[in-house]
>>> print(open('entry_28.cif').read())   # mmCIF, C-alpha atoms
data_structure
#
loop_
_atom_site.group_PDB
_atom_site.id
_atom_site.type_symbol
_atom_site.label_atom_id
_atom_site.label_comp_id
_atom_site.auth_asym_id
_atom_site.auth_seq_id
_atom_site.Cartn_x
_atom_site.Cartn_y
_atom_site.Cartn_z
ATOM 1 C CA MET A 1 33.258 16.120 2.487
ATOM 2 C CA ALA A 2 31.482 13.483 0.423
ATOM 3 C CA THR A 3 31.087 14.179 -3.275
ATOM 4 C CA THR A 4 27.556 12.778 -3.504
ATOM 5 C CA ALA A 5 25.527 15.447 -5.259
ATOM 6 C CA THR A 6 22.142 16.662 -4.241
ATOM 7 C CA THR A 7 19.551 15.312 -6.664
ATOM 8 C CA ALA A 8 16.009 16.458 -7.259
ATOM 9 C CA THR A 9 14.541 14.423 -10.078
ATOM 10 C CA THR A 10 10.849 14.768 -9.254
ATOM 11 C CA ALA A 11 8.600 17.796 -9.550
ATOM 12 C CA THR A 12 9.692 20.394 -7.015
ATOM 13 C CA THR A 13 6.438 22.139 -6.216
ATOM 14 C CA ALA A 14 6.533 23.657 -2.733
ATOM 15 C CA ILE A 15 5.101 21.519 0.064
ATOM 16 C CA THR A 16 2.831 23.412 2.446
ATOM 17 C CA VAL A 17 1.082 22.018 5.512
ATOM 18 C CA GLU A 18 -0.680 23.440 8.537
ATOM 19 C CA LEU A 19 -0.289 21.264 11.619
ATOM 20 C CA PRO A 20 -2.131 21.271 14.979
ATOM 21 C CA GLU A 21 1.006 22.427 16.802
ATOM 22 C CA ALA A 22 3.198 25.457 16.100
ATOM 23 C CA PHE A 23 6.718 24.357 15.189
ATOM 24 C CA ASP A 24 9.860 26.141 16.305
ATOM 25 C CA GLU A 25 10.654 28.880 13.787
ATOM 26 C CA ARG A 26 14.346 27.997 14.020
ATOM 27 C CA TRP A 27 13.669 25.178 11.543
ATOM 28 C CA SER A 28 14.107 27.976 9.024
ATOM 29 C CA ARG A 29 17.847 27.798 9.725
ATOM 30 C CA LEU A 30 17.929 24.788 7.423
ATOM 31 C CA PRO A 31 17.780 25.433 3.659
ATOM 32 C CA GLY A 32 14.412 25.169 1.958
ATOM 33 C CA ILE A 33 12.134 25.184 5.010
ATOM 34 C CA ARG A 34 10.124 28.052 6.459
ATOM 35 C CA VAL A 35 7.994 27.919 9.586
ATOM 36 C CA HIS A 36 5.307 30.428 10.463
ATOM 37 C CA GLY A 37 3.564 29.085 13.558
ATOM 38 C CA ARG A 38 1.589 26.010 12.521
ATOM 39 C CA ARG A 39 2.280 26.561 8.828
ATOM 40 C CA ILE A 40 5.339 24.870 7.292
ATOM 41 C CA THR A 41 6.554 25.374 3.745
ATOM 42 C CA ILE A 42 9.258 23.202 2.190
ATOM 43 C CA ASP A 43 11.026 23.762 -1.130
ATOM 44 C CA PRO A 44 12.080 20.218 -2.104
ATOM 45 C CA ALA A 45 14.878 21.435 -4.396
ATOM 46 C CA GLU A 46 16.558 23.268 -1.518
ATOM 47 C CA TYR A 47 15.545 21.113 1.439
ATOM 48 C CA PHE A 48 16.402 17.586 0.306
ATOM 49 C CA PHE A 49 19.845 16.162 -0.331
ATOM 50 C CA ARG A 50 18.138 13.572 -2.518
ATOM 51 C CA PHE A 51 14.520 13.733 -3.712
ATOM 52 C CA GLU A 52 13.665 11.079 -6.272
ATOM 53 C CA SER A 53 10.150 10.094 -5.231
ATOM 54 C CA ASN A 54 7.070 12.163 -4.461
ATOM 55 C CA THR A 55 4.813 9.287 -3.441
ATOM 56 C CA TRP A 56 4.435 7.774 0.014
ATOM 57 C CA LEU A 57 2.361 5.033 1.630
ATOM 58 C CA VAL A 58 -0.048 6.148 4.343
ATOM 59 C CA ALA A 59 -3.042 4.865 6.276
ATOM 60 C CA ASP A 60 -5.673 6.825 8.160
ATOM 61 C CA TRP A 61 -4.506 7.540 11.701
ATOM 62 C CA GLU A 62 -7.992 7.298 13.164
ATOM 63 C CA LEU A 63 -8.237 3.820 11.687
ATOM 64 C CA VAL A 64 -4.881 2.874 13.209
ATOM 65 C CA LYS A 65 -6.117 4.082 16.585
ATOM 66 C CA SER A 66 -9.413 2.220 16.408
ATOM 67 C CA GLN A 67 -8.304 -1.020 14.736
ATOM 68 C CA LEU A 68 -4.637 -1.587 15.573
ATOM 69 C CA LEU A 69 -3.257 0.186 18.631
ATOM 70 C CA ASP A 70 -5.198 -1.924 21.143
ATOM 71 C CA VAL A 71 -4.790 -5.261 19.330
ATOM 72 C CA GLU A 72 -2.570 -7.702 21.223
ATOM 73 C CA GLU A 73 -0.176 -10.096 19.533
ATOM 74 C CA THR A 74 -0.655 -13.824 20.060
ATOM 75 C CA THR A 75 1.414 -16.965 19.594
ATOM 76 C CA GLU A 76 -0.093 -17.152 16.108
ATOM 77 C CA SER A 77 0.325 -13.528 15.041
ATOM 78 C CA ALA A 78 3.263 -11.342 16.098
ATOM 79 C CA VAL A 79 2.856 -7.580 16.311
ATOM 80 C CA GLU A 80 4.892 -7.148 13.125
ATOM 81 C CA GLN A 81 2.445 -9.411 11.275
ATOM 82 C CA LEU A 82 -0.497 -7.446 12.661
ATOM 83 C CA ALA A 83 1.052 -4.239 11.339
ATOM 84 C CA LEU A 84 1.867 -5.764 7.951
ATOM 85 C CA ASP A 85 -1.665 -7.113 7.551
ATOM 86 C CA PHE A 86 -3.089 -3.716 8.474
ATOM 87 C CA ILE A 87 -0.861 -1.959 5.935
ATOM 88 C CA LYS A 88 -1.887 -4.391 3.200
ATOM 89 C CA ALA A 89 -5.567 -3.857 3.993
ATOM 90 C CA HIS A 90 -5.712 -0.119 4.643
ATOM 91 C CA SER A 91 -2.748 1.808 3.239
ATOM 92 C CA GLU A 92 -2.710 3.725 -0.015
ATOM 93 C CA SER A 93 -0.173 5.582 -2.100
ATOM 94 C CA THR A 94 -0.302 9.366 -2.031
ATOM 95 C CA SER A 95 1.625 12.168 -3.687
ATOM 96 C CA ASP A 96 0.229 14.639 -1.143
ATOM 97 C CA ALA A 97 3.222 15.400 1.061
ATOM 98 C CA ALA A 98 1.046 17.521 3.360
ATOM 99 C CA ARG A 99 -1.025 14.429 4.117
ATOM 100 C CA VAL A 100 2.145 12.514 4.963
ATOM 101 C CA LEU A 101 3.293 15.249 7.330
ATOM 102 C CA SER A 102 -0.147 15.527 8.962
ATOM 103 C CA THR A 103 -0.266 11.761 9.479
ATOM 104 C CA ALA A 104 3.276 11.753 10.852
ATOM 105 C CA TYR A 105 2.412 14.523 13.291
ATOM 106 C CA GLU A 106 -0.339 12.311 14.766
ATOM 107 C CA VAL A 107 1.989 9.297 14.922
ATOM 108 C CA TYR A 108 4.695 11.164 16.809
ATOM 109 C CA ALA A 109 2.325 13.107 19.041
ATOM 110 C CA TYR A 110 1.296 9.637 20.213
ATOM 111 C CA LEU A 111 4.763 8.062 20.421
ATOM 112 C CA PHE A 112 6.405 11.033 22.182
ATOM 113 C CA ARG A 113 3.611 11.956 24.566
ATOM 114 C CA ASP A 114 4.420 13.409 27.967
ATOM 115 C CA GLU A 115 3.369 10.331 29.926
ATOM 116 C CA HIS A 116 6.559 8.599 28.757
ATOM 117 C CA LEU A 117 8.751 11.021 30.694
ATOM 118 C CA ALA A 118 8.382 9.186 33.994
ATOM 119 C CA GLY A 119 9.551 5.908 32.501
ATOM 120 C CA LEU A 120 12.558 7.119 30.553
ATOM 121 C CA GLY A 121 14.954 7.178 33.490
ATOM 122 C CA LEU A 122 16.412 10.387 32.072
ATOM 123 C CA PRO A 123 15.571 13.318 34.348
ATOM 124 C CA GLN A 124 17.352 15.690 31.968
ATOM 125 C CA ILE A 125 14.686 15.056 29.305
ATOM 126 C CA THR A 126 11.698 17.362 29.631
ATOM 127 C CA ALA A 127 8.360 17.822 27.899
ATOM 128 C CA ASP A 128 10.079 20.436 25.728
ATOM 129 C CA HIS A 129 12.547 17.807 24.543
ATOM 130 C CA LEU A 130 9.698 15.495 23.585
ATOM 131 C CA GLY A 131 8.298 18.377 21.549
ATOM 132 C CA MET A 132 11.621 18.604 19.701
ATOM 133 C CA LEU A 133 11.381 14.892 18.925
ATOM 134 C CA ARG A 134 7.821 15.265 17.649
ATOM 135 C CA GLU A 135 8.818 18.055 15.298
ATOM 136 C CA ALA A 136 11.956 16.403 13.927
ATOM 137 C CA ALA A 137 10.293 13.013 13.487
ATOM 138 C CA THR A 138 7.338 14.596 11.685
ATOM 139 C CA LEU A 139 9.675 16.148 9.132
ATOM 140 C CA MET A 140 11.618 12.884 8.909
ATOM 141 C CA SER A 141 8.526 11.201 7.469
ATOM 142 C CA LEU A 142 9.248 12.615 4.002
ATOM 143 C CA ASN A 143 12.415 10.496 3.809
ATOM 144 C CA LYS A 144 11.847 7.329 1.820
ATOM 145 C CA VAL A 145 13.315 3.897 1.158
ATOM 146 C CA GLU A 146 12.195 1.821 -1.814
ATOM 147 C CA LEU A 147 11.360 -1.867 -1.598
ATOM 148 C CA ASP A 148 14.688 -2.738 -3.236
ATOM 149 C CA GLY A 149 16.451 -0.894 -0.404
ATOM 150 C CA HIS A 150 17.465 2.155 -2.427
ATOM 151 C CA ILE A 151 17.146 5.359 -0.405
ATOM 152 C CA SER A 152 15.166 7.705 -2.639
ATOM 153 C CA ASN A 153 14.509 10.716 -0.380
ATOM 154 C CA VAL A 154 16.955 12.169 2.158
ATOM 155 C CA GLY A 155 16.399 15.375 4.105
ATOM 156 C CA PRO A 156 18.315 16.924 7.011
ATOM 157 C CA CYS A 157 16.159 15.142 9.612
ATOM 158 C CA TRP A 158 17.634 11.839 8.494
ATOM 159 C CA PHE A 159 20.555 12.894 10.720
ATOM 160 C CA PHE A 160 18.585 13.392 13.906
ATOM 161 C CA PRO A 161 21.211 14.778 16.331
ATOM 162 C CA ALA A 162 22.690 17.056 13.678
ATOM 163 C CA ALA A 163 19.332 18.554 12.693
ATOM 164 C CA THR A 164 18.158 19.037 16.267
ATOM 165 C CA SER A 165 21.458 20.613 17.282
ATOM 166 C CA VAL A 166 21.098 23.180 14.490
ATOM 167 C CA VAL A 167 17.457 24.001 15.170
ATOM 168 C CA PHE A 168 17.352 23.844 18.965
ATOM 169 C CA ASP A 169 20.920 24.919 19.812
ATOM 170 C CA LEU A 170 21.662 21.620 21.554
ATOM 171 C CA ASP A 171 25.205 20.659 22.427
ATOM 172 C CA ASP A 172 26.492 17.258 21.356
ATOM 173 C CA GLU A 173 25.719 15.608 24.698
ATOM 174 C CA MET A 174 22.082 16.691 24.794
ATOM 175 C CA GLY A 175 21.642 16.025 21.087
ATOM 176 C CA GLY A 176 22.899 12.504 21.651
ATOM 177 C CA MET A 177 20.647 12.017 24.647
ATOM 178 C CA LEU A 178 17.643 13.099 22.597
ATOM 179 C CA ASP A 179 18.648 10.539 19.990
ATOM 180 C CA GLU A 180 18.727 7.875 22.702
ATOM 181 C CA VAL A 181 15.110 8.665 23.568
ATOM 182 C CA TYR A 182 14.357 8.266 19.877
ATOM 183 C CA HIS A 183 16.192 4.925 19.902
ATOM 184 C CA GLY A 184 14.111 3.821 22.887
ATOM 185 C CA GLY A 185 11.535 2.499 20.458
ATOM 186 C CA TRP A 186 13.898 -0.433 19.927
ATOM 187 C CA PHE A 187 15.374 -0.967 23.362
ATOM 188 C CA ASN A 188 12.190 -0.723 25.429
ATOM 189 C CA GLU A 189 9.807 -3.484 24.368
ATOM 190 C CA HIS A 190 6.625 -1.664 25.398
ATOM 191 C CA ARG A 191 7.636 1.350 23.318
ATOM 192 C CA ARG A 192 8.819 -0.850 20.453
ATOM 193 C CA ILE A 193 5.403 -2.467 20.196
ATOM 194 C CA GLU A 194 3.759 0.961 20.250
ATOM 195 C CA SER A 195 6.138 2.115 17.534
ATOM 196 C CA ILE A 196 5.470 -0.839 15.240
ATOM 197 C CA LYS A 197 1.714 -0.322 15.438
ATOM 198 C CA ALA A 198 1.816 3.468 15.106
ATOM 199 C CA HIS A 199 4.162 3.425 12.120
ATOM 200 C CA ALA A 200 1.633 1.379 10.180
ATOM 201 C CA ALA A 201 0.029 4.783 9.514
ATOM 202 C CA LEU A 202 3.189 5.663 7.557
ATOM 203 C CA GLY A 203 3.176 2.417 5.610
ATOM 204 C CA GLY A 204 6.060 0.560 7.218
ATOM 205 C CA ARG A 205 8.360 0.227 10.177
ATOM 206 C CA LEU A 206 10.982 2.565 11.570
ATOM 207 C CA VAL A 207 14.520 1.374 10.790
ATOM 208 C CA HIS A 208 17.923 2.821 11.612
ATOM 209 C CA GLY A 209 21.308 2.393 10.025
ATOM 210 C CA CYS A 210 23.211 3.139 13.219
ATOM 211 C CA GLN A 211 24.406 1.307 16.281
ATOM 212 C CA SER A 212 24.070 4.156 18.736
ATOM 213 C CA VAL A 213 24.454 7.917 19.149
ATOM 214 C CA PRO A 214 28.008 8.457 17.856
ATOM 215 C CA ASP A 215 27.317 6.707 14.541
ATOM 216 C CA GLN A 216 24.361 8.923 13.599
ATOM 217 C CA SER A 217 23.232 7.001 10.527
ATOM 218 C CA GLY A 218 19.643 8.060 10.885
ATOM 219 C CA GLY A 219 16.207 6.605 10.627
ATOM 220 C CA VAL A 220 13.427 6.229 8.107
ATOM 221 C CA VAL A 221 10.076 4.489 7.837
ATOM 222 C CA ALA A 222 10.801 1.643 5.413
ATOM 223 C CA PRO A 223 8.332 -0.752 3.820
ATOM 224 C CA TYR A 224 8.246 -4.266 5.217
ATOM 225 C CA GLY A 225 10.407 -6.453 2.997
ATOM 226 C CA ALA A 226 12.814 -3.682 1.945
ATOM 227 C CA SER A 227 16.380 -4.876 1.356
ATOM 228 C CA MET A 228 18.380 -3.815 4.388
ATOM 229 C CA THR A 229 21.633 -4.821 2.667
ATOM 230 C CA THR A 230 21.094 -2.280 -0.115
ATOM 231 C CA PHE A 231 19.848 0.230 2.447
ATOM 232 C CA ARG A 232 23.050 -0.149 4.498
ATOM 233 C CA ASP A 233 25.322 0.208 1.477
ATOM 234 C CA ASP A 234 23.458 3.228 0.088
ATOM 235 C CA LEU A 235 23.517 4.951 3.477
ATOM 236 C CA ALA A 236 27.243 4.362 3.910
ATOM 237 C CA ALA A 237 27.926 6.123 0.616
ATOM 238 C CA PHE A 238 26.455 9.480 1.585
ATOM 239 C CA ARG A 239 26.105 9.878 5.337
ATOM 240 C CA VAL A 240 29.411 11.541 6.309
ATOM 241 C CA GLY A 241 29.311 14.416 3.846
ATOM 242 C CA TRP A 242 25.654 15.181 4.338
ATOM 243 C CA ILE A 243 25.955 15.188 8.134
ATOM 244 C CA GLU A 244 28.689 17.808 7.767
ATOM 245 C CA MET A 245 26.381 19.877 5.564
ATOM 246 C CA VAL A 246 23.675 19.833 8.240
ATOM 247 C CA TYR A 247 26.093 20.845 11.007
ATOM 248 C CA ALA A 248 27.333 23.711 8.829
ATOM 249 C CA HIS A 249 24.059 25.517 9.568
ATOM 250 C CA ARG A 250 24.689 25.795 13.310
ATOM 251 C CA VAL A 251 24.299 29.397 14.362
ATOM 252 C CA SER A 252 27.176 29.039 16.796
ATOM 253 C CA PRO A 253 29.281 25.900 17.257
ATOM 254 C CA ALA A 254 27.929 23.819 20.139
ATOM 255 C CA ALA A 255 30.315 22.616 22.786
#
>>> encode(input="entry_28.cif", output="structure tokens")
Amino acid sequence: MATTATTATTATTAITVELPEAFDERWSRLPGIRVHGRRITIDPAEYFFRFESNTWLVADWELVKSQLLDVEETTESAVEQLALDFIKAHSESTSDAARVLSTAYEVYAYLFRDEHLAGLGLPQITADHLGMLREAATLMSLNKVELDGHISNVGPCWFFPAATSVVFDLDDEMGGMLDEVYHGGWFNEHRRIESIKAHAALGGRLVHGCQSVPDQSGGVVAPYGASMTTFRDDLAAFRVGWIEMVYAHRVSPAA
């Protein structure tokens, strides 16, 4: 078990949000989170392993839909540049975590919509599994990386397969497969382009510290320009112990 201590250096007022979709009440298996239908309450002091920042960068999702999602890259402007320009023009800092979660819900309702099922090539993955991804990714949005690469906020959903195995009673194989669908935003170019544009609403791009499923180093929306060297080193220092702490909340050990 890693010795990295949980830190909560910002104000720890409870975070409450009501989302368009009812979340699985089994999220309450994890410390510091309670789900009552569409209403989610998070106690930062209990929920986060590390919580040093209570500000996030967001942009209006309706604006992303109307001004970015349908814009095509050209030989002069790559999709990453389009997203960066949009963020510079339209994003703003907020300390309203409920706004971050509400924005993230819209982002992931778009990225993990049912129409993708036919193209995944994974018949085992169902619409219910996409719903699991939407929920976990929405909660993941409160994680944060600073521009210097320091990881300032870490919650259980950083460790995607571990968190989903606890909440949804998934075994390791299915948890890993769900993570592969999550990874598909890198490996499938059409989905990667969608992901880059959609994540502009959360002020950055989705990055991972892992190679594939077994490594489980997690993902976060990081600002463009963040130091990935510092990010990698910071992640390596805490990941093993905190993954074990997430798995410790399994109701019954998965096969």
>>> closest_residue(input="entry_28.cif", among="A:Gly203, A:Gly119, A:Gly225, A:Gly32", to="Ser93 in chain A", atoms="only C-alpha atoms")
A:Gly203
>>> resolve_selection(input="entry_28.cif", expression="the PyMOL selection byres ((chain A and resi 201) around 10)", output="short mmCIF file (atom, residue, chain, number, x, y, z; two decimals) with C-alpha atoms, keeping the file's coordinate frame")
data_model
loop_
_atom_site.label_atom_id
_atom_site.label_comp_id
_atom_site.auth_asym_id
_atom_site.auth_seq_id
_atom_site.Cartn_x
_atom_site.Cartn_y
_atom_site.Cartn_z
CA LEU A 57 2.36 5.03 1.63
CA VAL A 58 -0.05 6.15 4.34
CA ALA A 59 -3.04 4.86 6.28
CA ASP A 60 -5.67 6.82 8.16
CA TRP A 61 -4.51 7.54 11.70
CA GLU A 62 -7.99 7.30 13.16
CA LEU A 63 -8.24 3.82 11.69
CA VAL A 64 -4.88 2.87 13.21
CA LYS A 65 -6.12 4.08 16.58
CA LEU A 68 -4.64 -1.59 15.57
CA ALA A 83 1.05 -4.24 11.34
CA PHE A 86 -3.09 -3.72 8.47
CA ILE A 87 -0.86 -1.96 5.94
CA HIS A 90 -5.71 -0.12 4.64
CA SER A 91 -2.75 1.81 3.24
CA GLU A 92 -2.71 3.72 -0.02
CA VAL A 100 2.14 12.51 4.96
CA THR A 103 -0.27 11.76 9.48
CA ALA A 104 3.28 11.75 10.85
CA GLU A 106 -0.34 12.31 14.77
CA VAL A 107 1.99 9.30 14.92
CA ILE A 196 5.47 -0.84 15.24
CA LYS A 197 1.71 -0.32 15.44
CA ALA A 198 1.82 3.47 15.11
CA HIS A 199 4.16 3.42 12.12
CA ALA A 200 1.63 1.38 10.18
CA LEU A 202 3.19 5.66 7.56
CA GLY A 203 3.18 2.42 5.61
CA GLY A 204 6.06 0.56 7.22
CA ARG A 205 8.36 0.23 10.18
#
>>> residues_around(input="entry_28.cif", residues="Arg29 in chain A", least_positions_apart="2", cutoff="9 Å", atoms="all atoms listed in the file", output="NGL selection string")
:A and (25-27 or 31-34 or 166-167 or 249-251)
>>> residues_around(input="entry_28.cif", residues="His116 in chain A", least_positions_apart="3", cutoff="12 Å", atoms="only C-alpha atoms", output="PDB file with C-alpha atoms, in the coordinates of the input")
ATOM      1  CA  ALA A 109       2.325  13.107  19.041  1.00  0.00           C
ATOM      2  CA  TYR A 110       1.296   9.637  20.213  1.00  0.00           C
ATOM      3  CA  LEU A 111       4.763   8.062  20.421  1.00  0.00           C
ATOM      4  CA  PHE A 112       6.405  11.033  22.182  1.00  0.00           C
ATOM      5  CA  ARG A 113       3.611  11.956  24.566  1.00  0.00           C
ATOM      6  CA  GLY A 119       9.551   5.908  32.501  1.00  0.00           C
ATOM      7  CA  LEU A 120      12.558   7.119  30.553  1.00  0.00           C
ATOM      8  CA  GLY A 121      14.954   7.178  33.490  1.00  0.00           C
ATOM      9  CA  LEU A 122      16.412  10.387  32.072  1.00  0.00           C
ATOM     10  CA  PRO A 123      15.571  13.318  34.348  1.00  0.00           C
ATOM     11  CA  ILE A 125      14.686  15.056  29.305  1.00  0.00           C
ATOM     12  CA  THR A 126      11.698  17.362  29.631  1.00  0.00           C
ATOM     13  CA  ALA A 127       8.360  17.822  27.899  1.00  0.00           C
ATOM     14  CA  HIS A 129      12.547  17.807  24.543  1.00  0.00           C
ATOM     15  CA  LEU A 130       9.698  15.495  23.585  1.00  0.00           C
ATOM     16  CA  VAL A 181      15.110   8.665  23.568  1.00  0.00           C
ATOM     17  CA  TYR A 182      14.357   8.266  19.877  1.00  0.00           C
ATOM     18  CA  GLY A 184      14.111   3.821  22.887  1.00  0.00           C
ATOM     19  CA  GLY A 185      11.535   2.499  20.458  1.00  0.00           C
ATOM     20  CA  ASN A 188      12.190  -0.723  25.429  1.00  0.00           C
ATOM     21  CA  HIS A 190       6.625  -1.664  25.398  1.00  0.00           C
ATOM     22  CA  ARG A 191       7.636   1.350  23.318  1.00  0.00           C
ATOM     23  CA  GLU A 194       3.759   0.961  20.250  1.00  0.00           C
TER      24      GLU A 194
END
>>> resolve_selection(input="entry_28.cif", expression="the PyMOL selection byres ((chain A and resi 151) around 9)", output="short mmCIF file (atom, residue, chain, number, x, y, z; two decimals) with C-alpha atoms, in the frame of the given file")
data_model
loop_
_atom_site.label_atom_id
_atom_site.label_comp_id
_atom_site.auth_asym_id
_atom_site.auth_seq_id
_atom_site.Cartn_x
_atom_site.Cartn_y
_atom_site.Cartn_z
CA ARG A 50 18.14 13.57 -2.52
CA GLU A 52 13.66 11.08 -6.27
CA ASN A 143 12.42 10.50 3.81
CA LYS A 144 11.85 7.33 1.82
CA VAL A 145 13.32 3.90 1.16
CA GLU A 146 12.20 1.82 -1.81
CA ASP A 148 14.69 -2.74 -3.24
CA GLY A 149 16.45 -0.89 -0.40
CA HIS A 150 17.46 2.15 -2.43
CA SER A 152 15.17 7.70 -2.64
CA ASN A 153 14.51 10.72 -0.38
CA VAL A 154 16.95 12.17 2.16
CA THR A 230 21.09 -2.28 -0.12
CA PHE A 231 19.85 0.23 2.45
CA ASP A 234 23.46 3.23 0.09
CA LEU A 235 23.52 4.95 3.48
#
>>> atom_distance(input="entry_28.cif", atom1="CA of Tyr108 in chain A", atom2="CA of Ala137 in chain A")
6.8 Å
>>> atom_distance(input="entry_28.cif", atom1="CA of Asp233 in chain A", atom2="CA of His183 in chain A")
21.1 Å
>>> closest_residue(input="entry_28.cif", among="A:Glu73, A:Ala14, A:Glu173, A:Tyr224", to="Asp43 in chain A", atoms="all atoms listed in the file")
A:Ala14
>>> axis_aligned_box(input="entry_28.cif", around="range 89-98 of chain A", padding_each_side="4 Å", output="AutoDock Vina command-line options")
--center_x -1.2 --center_y 6.8 --center_z 0.5 --size_x 16.9 --size_y 29.4 --size_z 16.3
>>> closest_residue(input="entry_28.cif", among="A:Met132, A:Val221, A:Ala226, A:Val17", to="Thr41 in chain A", atoms="all atoms listed in the file")
A:Val17
>>> resolve_selection(input="entry_28.cif", expression="the PyMOL selection byres ((chain A and resi 220) around 6)", output="list of chain:residue names")
A:Leu206, A:Val207, A:Gly219, A:Val221, A:Ala222
>>> atom_distance(input="entry_28.cif", atom1="CA of Leu139 in chain A", atom2="CA of His208 in chain A")
15.9 Å
>>> closest_residue(input="entry_28.cif", among="A:Gly218, A:Pro223, A:Met140, A:Tyr47", to="Leu84 in chain A", atoms="all atoms listed in the file")
A:Pro223
>>> closest_residue(input="entry_28.cif", among="A:Cys157, A:Asn54, A:Tyr247, A:Val240", to="Asp96 in chain A", atoms="all atoms listed in the file")
A:Asn54
>>> closest_residue(input="entry_28.cif", among="A:Leu69, A:Leu82, A:Ala97, A:Ile193", to="Pro44 in chain A", atoms="all atoms listed in the file")
A:Ala97
>>> residues_around(input="entry_28.cif", residues="Tyr105 in chain A", least_positions_apart="4", cutoff="8 Å", atoms="only C-alpha atoms", output="PyMOL selection string")
chain A and resi 19+101+109+134-135+138
>>> decode(input="entry_28.cif", residues="range 58-112 of chain A", atoms="C-alpha atoms", output="PDB file, in the first residue's frame")
ATOM      1  CA  VAL A  58     -15.475  25.064 -18.561  1.00  0.00           C
ATOM      2  CA  ALA A  59     -17.233  26.302 -21.679  1.00  0.00           C
ATOM      3  CA  ASP A  60     -20.927  26.272 -22.496  1.00  0.00           C
ATOM      4  CA  TRP A  61     -21.912  22.947 -24.041  1.00  0.00           C
ATOM      5  CA  GLU A  62     -24.524  24.492 -26.309  1.00  0.00           C
ATOM      6  CA  LEU A  63     -21.810  26.739 -27.696  1.00  0.00           C
ATOM      7  CA  VAL A  64     -19.542  23.740 -28.276  1.00  0.00           C
ATOM      8  CA  LYS A  65     -22.356  22.025 -30.153  1.00  0.00           C
ATOM      9  CA  SER A  66     -23.170  25.021 -32.326  1.00  0.00           C
ATOM     10  CA  GLN A  67     -19.671  26.380 -32.990  1.00  0.00           C
ATOM     11  CA  LEU A  68     -17.214  23.486 -32.756  1.00  0.00           C
ATOM     12  CA  LEU A  69     -18.605  19.984 -33.203  1.00  0.00           C
ATOM     13  CA  ASP A  70     -19.329  20.387 -36.923  1.00  0.00           C
ATOM     14  CA  VAL A  71     -16.169  22.353 -37.782  1.00  0.00           C
ATOM     15  CA  GLU A  72     -13.758  20.383 -39.967  1.00  0.00           C
ATOM     16  CA  GLU A  73      -9.994  20.592 -39.645  1.00  0.00           C
ATOM     17  CA  THR A  74      -7.975  21.787 -42.629  1.00  0.00           C
ATOM     18  CA  THR A  75      -4.352  21.672 -43.735  1.00  0.00           C
ATOM     19  CA  GLU A  76      -3.962  25.026 -41.987  1.00  0.00           C
ATOM     20  CA  SER A  77      -5.758  24.255 -38.726  1.00  0.00           C
ATOM     21  CA  ALA A  78      -5.708  20.833 -37.047  1.00  0.00           C
ATOM     22  CA  VAL A  79      -8.586  19.762 -34.825  1.00  0.00           C
ATOM     23  CA  GLU A  80      -6.428  20.272 -31.733  1.00  0.00           C
ATOM     24  CA  GLN A  81      -5.827  23.890 -32.770  1.00  0.00           C
ATOM     25  CA  LEU A  82      -9.548  24.396 -33.346  1.00  0.00           C
ATOM     26  CA  ALA A  83     -10.240  23.141 -29.828  1.00  0.00           C
ATOM     27  CA  LEU A  84      -7.480  25.258 -28.288  1.00  0.00           C
ATOM     28  CA  ASP A  85      -8.712  28.396 -30.047  1.00  0.00           C
ATOM     29  CA  PHE A  86     -12.254  27.687 -28.874  1.00  0.00           C
ATOM     30  CA  ILE A  87     -11.096  27.218 -25.277  1.00  0.00           C
ATOM     31  CA  LYS A  88      -9.146  30.480 -25.372  1.00  0.00           C
ATOM     32  CA  ALA A  89     -12.169  32.341 -26.734  1.00  0.00           C
ATOM     33  CA  HIS A  90     -15.016  30.814 -24.740  1.00  0.00           C
ATOM     34  CA  SER A  91     -13.901  29.047 -21.561  1.00  0.00           C
ATOM     35  CA  GLU A  92     -14.013  30.503 -18.078  1.00  0.00           C
ATOM     36  CA  SER A  93     -12.884  29.495 -14.622  1.00  0.00           C
ATOM     37  CA  THR A  94     -15.545  28.317 -12.199  1.00  0.00           C
ATOM     38  CA  SER A  95     -15.601  27.148  -8.603  1.00  0.00           C
ATOM     39  CA  ASP A  96     -19.076  25.672  -9.130  1.00  0.00           C
ATOM     40  CA  ALA A  97     -18.436  21.932  -9.154  1.00  0.00           C
ATOM     41  CA  ALA A  98     -22.092  21.268  -9.998  1.00  0.00           C
ATOM     42  CA  ARG A  99     -21.614  23.210 -13.227  1.00  0.00           C
ATOM     43  CA  VAL A 100     -18.572  21.090 -14.052  1.00  0.00           C
ATOM     44  CA  LEU A 101     -20.516  17.884 -13.469  1.00  0.00           C
ATOM     45  CA  SER A 102     -23.508  19.120 -15.491  1.00  0.00           C
ATOM     46  CA  THR A 103     -21.228  20.085 -18.376  1.00  0.00           C
ATOM     47  CA  ALA A 104     -19.419  16.751 -18.174  1.00  0.00           C
ATOM     48  CA  TYR A 105     -22.714  14.878 -18.261  1.00  0.00           C
ATOM     49  CA  GLU A 106     -23.525  16.544 -21.608  1.00  0.00           C
ATOM     50  CA  VAL A 107     -20.041  15.806 -22.966  1.00  0.00           C
ATOM     51  CA  TYR A 108     -20.221  12.112 -22.134  1.00  0.00           C
ATOM     52  CA  ALA A 109     -23.859  11.682 -23.114  1.00  0.00           C
ATOM     53  CA  TYR A 110     -22.599  12.759 -26.540  1.00  0.00           C
ATOM     54  CA  LEU A 111     -19.368  10.735 -26.613  1.00  0.00           C
ATOM     55  CA  PHE A 112     -20.936   7.502 -25.304  1.00  0.00           C
TER      56      PHE A 112
END
